[in-house]
file input-v7.csv (CSV, C-alpha atoms)
chain,number,residue,atom,x,y,z
K,1,LYS,CA,19.1,-6.6,0.3
K,2,ALA,CA,16.4,-9.1,0.0
K,3,GLY,CA,12.9,-7.7,-0.2
K,4,VAL,CA,9.9,-8.3,2.0
K,5,THR,CA,8.8,-12.0,1.8
K,6,GLN,CA,5.4,-13.3,2.5
K,7,THR,CA,4.3,-16.9,2.9
K,8,PRO,CA,2.3,-18.6,1.8
K,9,ARG,CA,1.6,-16.8,-1.5
K,10,TYR,CA,-1.8,-18.5,-2.0
K,11,LEU,CA,-4.2,-20.1,0.4
K,12,ILE,CA,-7.6,-21.6,0.2
K,13,LYS,CA,-9.7,-22.0,3.4
K,14,THR,CA,-13.3,-22.7,4.3
K,15,ARG,CA,-15.6,-20.6,6.4
K,16,GLY,CA,-15.1,-21.0,10.1
K,17,GLN,CA,-11.4,-22.0,9.8
K,18,GLN,CA,-8.6,-19.9,10.9
K,19,VAL,CA,-5.4,-18.8,9.0
K,20,THR,CA,-2.0,-17.6,9.8
K,21,LEU,CA,0.1,-15.5,7.4
K,22,SER,CA,3.7,-14.8,7.7
K,23,CYS,CA,5.9,-11.8,6.8
K,24,SER,CA,9.6,-11.4,6.9
K,25,PRO,CA,10.7,-7.8,6.6
K,26,ILE,CA,13.7,-6.3,4.9
K,27,SER,CA,16.8,-6.8,7.0
K,28,GLY,CA,17.1,-3.9,9.5
K,29,HIS,CA,13.5,-2.8,9.2
K,30,ARG,CA,11.8,-3.0,12.6
K,31,SER,CA,8.3,-1.8,11.6
K,32,VAL,CA,5.9,-4.1,9.9
K,33,SER,CA,2.4,-3.1,8.7
K,34,TRP,CA,-0.4,-5.2,7.3
K,35,TYR,CA,-3.0,-4.2,4.7
K,36,GLN,CA,-6.0,-5.9,3.2
K,37,GLN,CA,-6.8,-5.3,-0.4
K,38,THR,CA,-10.2,-6.2,-1.9
K,39,PRO,CA,-11.9,-5.0,-5.1
K,40,GLY,CA,-14.7,-3.4,-3.2
K,41,GLN,CA,-12.9,-1.7,-0.3
K,42,GLY,CA,-9.5,-1.2,-1.9
K,43,LEU,CA,-6.4,-1.1,0.4
K,44,GLN,CA,-7.1,-0.9,4.1
K,45,PHE,CA,-4.7,-0.7,7.0
K,46,LEU,CA,-4.9,-3.5,9.5
K,47,PHE,CA,-2.2,-2.9,12.0
K,48,GLU,CA,1.4,-2.0,12.6
K,49,TYR,CA,4.0,-3.5,14.8
K,50,PHE,CA,7.3,-2.2,16.0
K,51,SER,CA,9.7,-3.9,18.5
K,52,GLU,CA,7.1,-6.6,19.1
K,53,THR,CA,4.4,-4.0,20.1
K,54,GLN,CA,1.3,-3.1,18.2
K,55,ARG,CA,1.6,0.6,17.6
K,56,ASN,CA,-1.5,1.3,15.6
K,57,LYS,CA,-4.6,-0.6,14.5
K,58,GLY,CA,-7.1,-0.1,11.8
K,59,ASN,CA,-10.9,-0.6,11.9
K,60,PHE,CA,-11.1,-4.4,11.7
K,61,PRO,CA,-12.9,-6.8,14.0
K,62,GLY,CA,-11.1,-8.7,16.7
K,63,ARG,CA,-10.9,-11.8,14.6
K,64,PHE,CA,-7.9,-10.1,13.0
K,65,SER,CA,-4.9,-10.2,15.1
K,66,GLY,CA,-1.1,-10.1,14.7
K,67,ARG,CA,2.2,-10.3,16.5
K,68,GLN,CA,5.8,-9.6,15.9
K,69,PHE,CA,8.8,-11.6,17.0
K,70,SER,CA,12.2,-10.4,18.3
K,71,ASN,CA,13.7,-10.8,14.8
K,72,SER,CA,11.0,-8.4,13.4
K,73,ARG,CA,9.2,-11.2,11.6
K,74,SER,CA,5.4,-10.8,11.9
K,75,GLU,CA,2.4,-13.0,11.6
K,76,MET,CA,-1.2,-12.1,11.2
K,77,ASN,CA,-4.1,-14.4,12.2
K,78,VAL,CA,-7.7,-14.4,11.1
K,79,SER,CA,-10.0,-16.6,13.1
K,80,THR,CA,-13.5,-17.8,12.2
K,81,LEU,CA,-13.0,-17.0,8.5
K,82,GLU,CA,-15.9,-15.4,6.6
K,83,LEU,CA,-16.4,-15.2,2.8
K,84,GLY,CA,-15.7,-11.5,3.0
K,85,ASP,CA,-12.2,-12.2,4.3
K,86,SER,CA,-11.1,-13.3,0.8
K,87,ALA,CA,-8.5,-10.7,-0.2
K,88,LEU,CA,-4.9,-10.0,-1.0
K,89,TYR,CA,-3.1,-9.4,2.3
K,90,LEU,CA,0.0,-7.2,2.0
K,91,CYS,CA,2.8,-6.8,4.4
K,92,ALA,CA,5.1,-3.8,4.4
K,93,SER,CA,8.3,-3.1,6.3
K,94,SER,CA,10.1,0.1,7.1
K,95,PRO,CA,12.4,1.8,9.5
K,96,LEU,CA,10.0,3.5,11.9
K,97,GLY,CA,8.2,6.4,10.4
K,98,GLU,CA,9.9,6.0,7.0
K,99,THR,CA,8.9,4.8,3.6
K,100,GLN,CA,7.2,1.4,3.5
K,101,TYR,CA,8.3,-1.4,1.2
K,102,PHE,CA,5.7,-4.0,0.3
K,103,GLY,CA,5.9,-7.7,-0.2
K,104,PRO,CA,4.1,-9.6,-3.0
K,105,GLY,CA,1.2,-10.5,-0.8
K,106,THR,CA,-0.7,-13.6,0.2
K,107,ARG,CA,-3.9,-14.2,-1.7
K,108,LEU,CA,-6.5,-15.8,0.6
K,109,LEU,CA,-9.7,-17.4,-0.8
K,110,VAL,CA,-12.4,-18.4,1.6
K,111,LEU,CA,-15.0,-20.9,0.4
M,112,ALA,CA,-8.3,12.7,9.5
M,113,GLN,CA,-6.6,12.2,6.2
M,114,SER,CA,-8.0,11.1,2.8
M,115,VAL,CA,-7.0,10.7,-0.8
M,116,THR,CA,-9.1,11.1,-3.9
M,117,GLN,CA,-8.0,9.7,-7.2
M,118,LEU,CA,-10.1,11.5,-9.7
M,119,ASP,CA,-10.0,8.8,-12.4
M,120,SER,CA,-10.6,5.1,-12.0
M,121,HIS,CA,-9.3,4.4,-15.5
M,122,VAL,CA,-7.0,6.3,-17.8
M,123,SER,CA,-6.2,5.2,-21.4
M,124,VAL,CA,-3.3,6.5,-23.4
M,125,SER,CA,-1.4,5.5,-26.5
M,126,GLU,CA,2.2,4.4,-26.2
M,127,GLY,CA,4.5,7.4,-26.6
M,128,THR,CA,1.9,10.0,-25.3
M,129,PRO,CA,1.9,11.8,-22.0
M,130,VAL,CA,0.4,10.3,-18.8
M,131,LEU,CA,-1.5,12.3,-16.2
M,132,LEU,CA,-2.9,10.6,-13.1
M,133,ARG,CA,-4.7,13.0,-10.8
M,134,CYS,CA,-4.7,12.9,-7.0
M,135,ASN,CA,-6.2,15.3,-4.4
M,136,TYR,CA,-5.5,14.9,-0.7
M,137,SER,CA,-6.9,16.1,2.6
M,138,SER,CA,-4.8,16.2,5.7
M,139,SER,CA,-4.8,17.9,9.1
M,140,TYR,CA,-1.0,17.9,9.2
M,141,SER,CA,1.9,18.5,6.9
M,142,PRO,CA,1.5,15.4,4.7
M,143,SER,CA,3.9,12.9,3.3
M,144,LEU,CA,2.6,11.8,-0.1
M,145,PHE,CA,3.5,8.7,-2.2
M,146,TRP,CA,2.7,7.1,-5.5
M,147,TYR,CA,2.8,3.3,-5.6
M,148,VAL,CA,2.3,1.1,-8.6
M,149,GLN,CA,0.9,-2.4,-8.7
M,150,HIS,CA,1.3,-4.7,-11.6
M,151,PRO,CA,-1.1,-7.7,-12.0
M,152,ASN,CA,-0.7,-10.2,-9.3
M,153,LYS,CA,2.2,-8.3,-7.7
M,154,GLY,CA,2.8,-6.3,-4.6
M,155,LEU,CA,3.1,-2.5,-4.5
M,156,GLN,CA,6.2,-0.8,-5.7
M,157,LEU,CA,7.2,2.7,-4.6
M,158,LEU,CA,7.4,5.2,-7.5
M,159,LEU,CA,8.1,8.3,-5.6
M,160,LYS,CA,7.5,10.2,-2.4
M,161,TYR,CA,7.1,13.8,-1.2
M,162,THR,CA,8.2,14.7,2.3
M,163,SER,CA,8.3,18.5,2.4
M,164,ALA,CA,11.5,19.0,0.4
M,165,ALA,CA,11.3,20.0,-3.2
M,166,THR,CA,7.7,20.3,-4.5
M,167,LEU,CA,8.6,18.6,-7.8
M,168,VAL,CA,9.5,15.0,-7.1
M,169,LYS,CA,11.2,12.7,-9.5
M,170,GLY,CA,10.7,9.0,-9.3
M,171,ILE,CA,11.6,5.8,-11.1
M,172,ASN,CA,10.9,4.9,-14.7
M,173,GLY,CA,10.5,8.6,-15.8
M,174,PHE,CA,7.6,9.4,-13.5
M,175,GLU,CA,7.4,12.6,-11.6
M,176,ALA,CA,4.8,14.4,-9.4
M,177,GLU,CA,4.3,17.9,-8.2
M,178,PHE,CA,3.0,18.8,-4.8
M,179,LYS,CA,0.7,21.9,-4.9
M,180,LYS,CA,-0.4,22.8,-1.4
M,181,SER,CA,-2.8,25.5,-2.6
M,182,GLU,CA,-4.7,23.0,-4.7
M,183,THR,CA,-4.1,20.0,-2.3
M,184,SER,CA,-3.0,18.0,-5.3
M,185,PHE,CA,-0.2,15.6,-6.1
M,186,HIS,CA,-0.7,14.6,-9.7
M,187,LEU,CA,1.6,12.0,-11.3
M,188,THR,CA,3.0,12.5,-14.8
M,189,LYS,CA,5.2,10.9,-17.4
M,190,PRO,CA,6.2,12.5,-20.7
M,191,SER,CA,5.9,9.4,-22.8
M,192,ALA,CA,4.0,6.2,-21.9
M,193,HIS,CA,5.5,2.8,-22.4
M,194,MET,CA,3.5,-0.5,-22.7
M,195,SER,CA,5.2,-1.7,-19.5
M,196,ASP,CA,3.5,1.2,-17.6
M,197,ALA,CA,0.2,-0.5,-17.8
M,198,ALA,CA,-0.7,-1.1,-14.2
M,199,GLU,CA,-2.8,0.2,-11.3
M,200,TYR,CA,-1.5,3.3,-9.5
M,201,PHE,CA,-2.2,4.4,-6.0
M,202,CYS,CA,-1.8,7.8,-4.4
M,203,VAL,CA,-1.1,7.5,-0.7
M,204,VAL,CA,-0.9,9.9,2.2
M,205,SER,CA,0.7,9.6,5.6
M,206,ASP,CA,0.6,12.5,8.0
M,207,ARG,CA,1.4,11.1,11.3
M,208,ASP,CA,5.1,11.7,11.9
M,209,GLY,CA,6.8,8.7,13.4
M,210,TYR,CA,3.9,6.3,12.5
M,211,SER,CA,3.4,4.2,9.4
M,212,THR,CA,-0.4,4.4,8.8
M,213,LEU,CA,-0.9,4.9,5.1
M,214,THR,CA,-4.2,6.0,3.6
M,215,PHE,CA,-4.7,4.8,0.0
M,216,GLY,CA,-6.7,6.2,-2.8
M,217,LYS,CA,-9.0,3.9,-4.7
M,218,GLY,CA,-6.5,3.5,-7.5
M,219,THR,CA,-6.2,4.4,-11.1
M,220,MET,CA,-5.9,1.7,-13.8
M,221,LEU,CA,-3.6,2.9,-16.5
M,222,LEU,CA,-4.2,1.3,-19.9
M,223,VAL,CA,-1.6,1.7,-22.6
M,224,SER,CA,-2.4,0.9,-26.2
M,225,PRO,CA,0.1,0.3,-29.0
call {"tool": "encode", "arguments": {"input": "input-v7.csv", "output": "structure tokens"}}
result
Amino acid sequence: KAGVTQTPRYLIKTRGQQVTLSCSPISGHRSVSWYQQTPGQGLQFLFEYFSETQRNKGNFPGRFSGRQFSNSRSEMNVSTLELGDSALYLCASSPLGETQYFGPGTRLLVL
Amino acid sequence: AQSVTQLDSHVSVSEGTPVLLRCNYSSSYSPSLFWYVQHPNKGLQLLLKYTSAATLVKGINGFEAEFKKSETSFHLTKPSAHMSDAAEYFCVVSDRDGYSTLTFGKGTMLLVSP
């Protein structure tokens, strides 16, 4: 089976812009979770989607949003980018409640 | 609430010597515990997981971990380090059955010298 894929792999934006990141889960996995990884805060949970519904959300401002499509692919959006949003954004997929498998991540740099 | 403490931010070993990466957890429920590894500029790879079956869990690449409830620990070990083991290791807890919220430790960077 192909693994989790994330696009794009690298992204450079400027403050105030918005960005959309994409994640394609492993075939048959219907749960997709997103995480932010920074040197200061480590890995933090953003949100989880299952069957196009957000099931759980971490402690992030409303500028961070996501959605899931009927084919289980997921996107996350960050509006009004801030310098502190520079991070590696990781997507993970799983059957619901089971082990998560991670993609390679999208590295976002905000200038 | 659940939490994970990785007791060492960096561990240095010589190739061929044993590896010990320490992890303590806190959980209100019966936890599921994981170790993931992250090589530079890569995503996270699952090494092993504990889900209330055998307390000694064997993973990939010769790693294993032992769940000790009395000590709330889940330390990762390997008998003999290889240069390719140099990476960052994350201890992770999930204790909400049916949900996929993972809580990560801060990570331990494993350095392996020749």
call {"tool": "closest_atom_pairs", "arguments": {"input": "input-v7.csv", "of": "chain M", "to": "chain K", "cutoff": "12 Å", "atoms": "all atoms listed in the file", "output": "Markdown table"}}
result
| residue | atom | partner | partner_atom | distance |
| --- | --- | --- | --- | --- |
| M:Val115 | CA | K:Leu43 | CA | 11.9 |
| M:Ser120 | CA | K:Gly42 | CA | 12.0 |
| M:Ser143 | CA | K:Thr99 | CA | 9.5 |
| M:Leu144 | CA | K:Thr99 | CA | 10.1 |
| M:Phe145 | CA | K:Thr99 | CA | 8.8 |
| M:Trp146 | CA | K:Thr99 | CA | 11.2 |
| M:Tyr147 | CA | K:Phe102 | CA | 9.8 |
| M:Val148 | CA | K:Phe102 | CA | 10.8 |
| M:Gln149 | CA | K:Pro104 | CA | 9.7 |
| M:His150 | CA | K:Pro104 | CA | 10.3 |
| M:Pro151 | CA | K:Pro104 | CA | 10.6 |
| M:Asn152 | CA | K:Pro104 | CA | 7.9 |
| M:Lys153 | CA | K:Pro104 | CA | 5.2 |
| M:Gly154 | CA | K:Pro104 | CA | 3.9 |
| M:Leu155 | CA | K:Phe102 | CA | 5.7 |
| M:Gln156 | CA | K:Phe102 | CA | 6.8 |
| M:Leu157 | CA | K:Tyr101 | CA | 7.2 |
| M:Leu158 | CA | K:Tyr101 | CA | 11.0 |
| M:Leu159 | CA | K:Thr99 | CA | 9.9 |
| M:Lys160 | CA | K:Thr99 | CA | 8.2 |
| M:Tyr161 | CA | K:Thr99 | CA | 10.4 |
| M:Thr162 | CA | K:Thr99 | CA | 10.0 |
| M:Glu199 | CA | K:Gly42 | CA | 11.6 |
| M:Tyr200 | CA | K:Leu43 | CA | 11.9 |
| M:Phe201 | CA | K:Leu43 | CA | 9.4 |
| M:Cys202 | CA | K:Leu43 | CA | 11.1 |
| M:Val203 | CA | K:Leu43 | CA | 10.2 |
| M:Val204 | CA | K:Thr99 | CA | 11.1 |
| M:Ser205 | CA | K:Gly97 | CA | 9.5 |
| M:Asp206 | CA | K:Gly97 | CA | 10.0 |
| M:Arg207 | CA | K:Gly97 | CA | 8.3 |
| M:Asp208 | CA | K:Gly97 | CA | 6.3 |
| M:Gly209 | CA | K:Gly97 | CA | 4.0 |
| M:Tyr210 | CA | K:Gly97 | CA | 4.8 |
| M:Ser211 | CA | K:Gly97 | CA | 5.4 |
| M:Thr212 | CA | K:Phe45 | CA | 6.9 |
| M:Leu213 | CA | K:Phe45 | CA | 7.0 |
| M:Thr214 | CA | K:Gln44 | CA | 7.5 |
| M:Phe215 | CA | K:Leu43 | CA | 6.2 |
| M:Gly216 | CA | K:Gly42 | CA | 8.0 |
| M:Lys217 | CA | K:Gly42 | CA | 5.8 |
| M:Gly218 | CA | K:Gly42 | CA | 7.9 |
| M:Thr219 | CA | K:Gly42 | CA | 11.3 |
call {"tool": "residues_around", "arguments": {"input": "input-v7.csv", "residues": "Glu177 (chain M)", "least_positions_apart": "3", "cutoff": "12 Å", "atoms": "only C-alpha atoms", "output": "ChimeraX atom specification"}}
result
/M:131-135,144-146,159-170,174,180-189
call {"tool": "residues_around", "arguments": {"input": "input-v7.csv", "residues": "Pro190 (chain M)", "least_positions_apart": "4", "cutoff": "10 Å", "atoms": "all atoms listed in the file", "output": "list in words"}}
result
Gly127, Thr128, Pro129, Val130, Leu131, Gly173, Phe174 and Glu175 of chain M
call {"tool": "atom_distance", "arguments": {"input": "input-v7.csv", "atom1": "CA of Arg63 (chain K)", "atom2": "CA of Thr80 (chain K)"}}
result
7.0 Å
call {"tool": "closest_residue", "arguments": {"input": "input-v7.csv", "among": "K:Thr53, K:Asn59, K:Asn71, K:Gln6", "to": "Ser27 (chain K)", "atoms": "only C-alpha atoms"}}
result
K:Asn71
call {"tool": "residues_around", "arguments": {"input": "input-v7.csv", "residues": "Ser70 (chain K)", "least_positions_apart": "6", "cutoff": "10 Å", "atoms": "only C-alpha atoms", "output": "list of chain:residue names"}}
result
K:Arg30, K:Phe50, K:Ser51, K:Glu52
call {"tool": "atom_distance", "arguments": {"input": "input-v7.csv", "atom1": "CA of Pro61 (chain K)", "atom2": "CA of Thr5 (chain K)"}}
result
25.4 Å
call {"tool": "closest_residue", "arguments": {"input": "input-v7.csv", "among": "K:Gly28, K:Leu111, K:Phe60, K:Gln36", "to": "Arg73 (chain K)", "atoms": "only C-alpha atoms"}}
result
K:Gly28
call {"tool": "atom_distance", "arguments": {"input": "input-v7.csv", "atom1": "CA of Val122 (chain M)", "atom2": "CA of Met220 (chain M)"}}
result
6.2 Å
call {"tool": "closest_residue", "arguments": {"input": "input-v7.csv", "among": "K:Thr38, K:Phe69, K:Tyr10, K:Glu75", "to": "Cys23 (chain K)", "atoms": "only C-alpha atoms"}}
result
K:Glu75
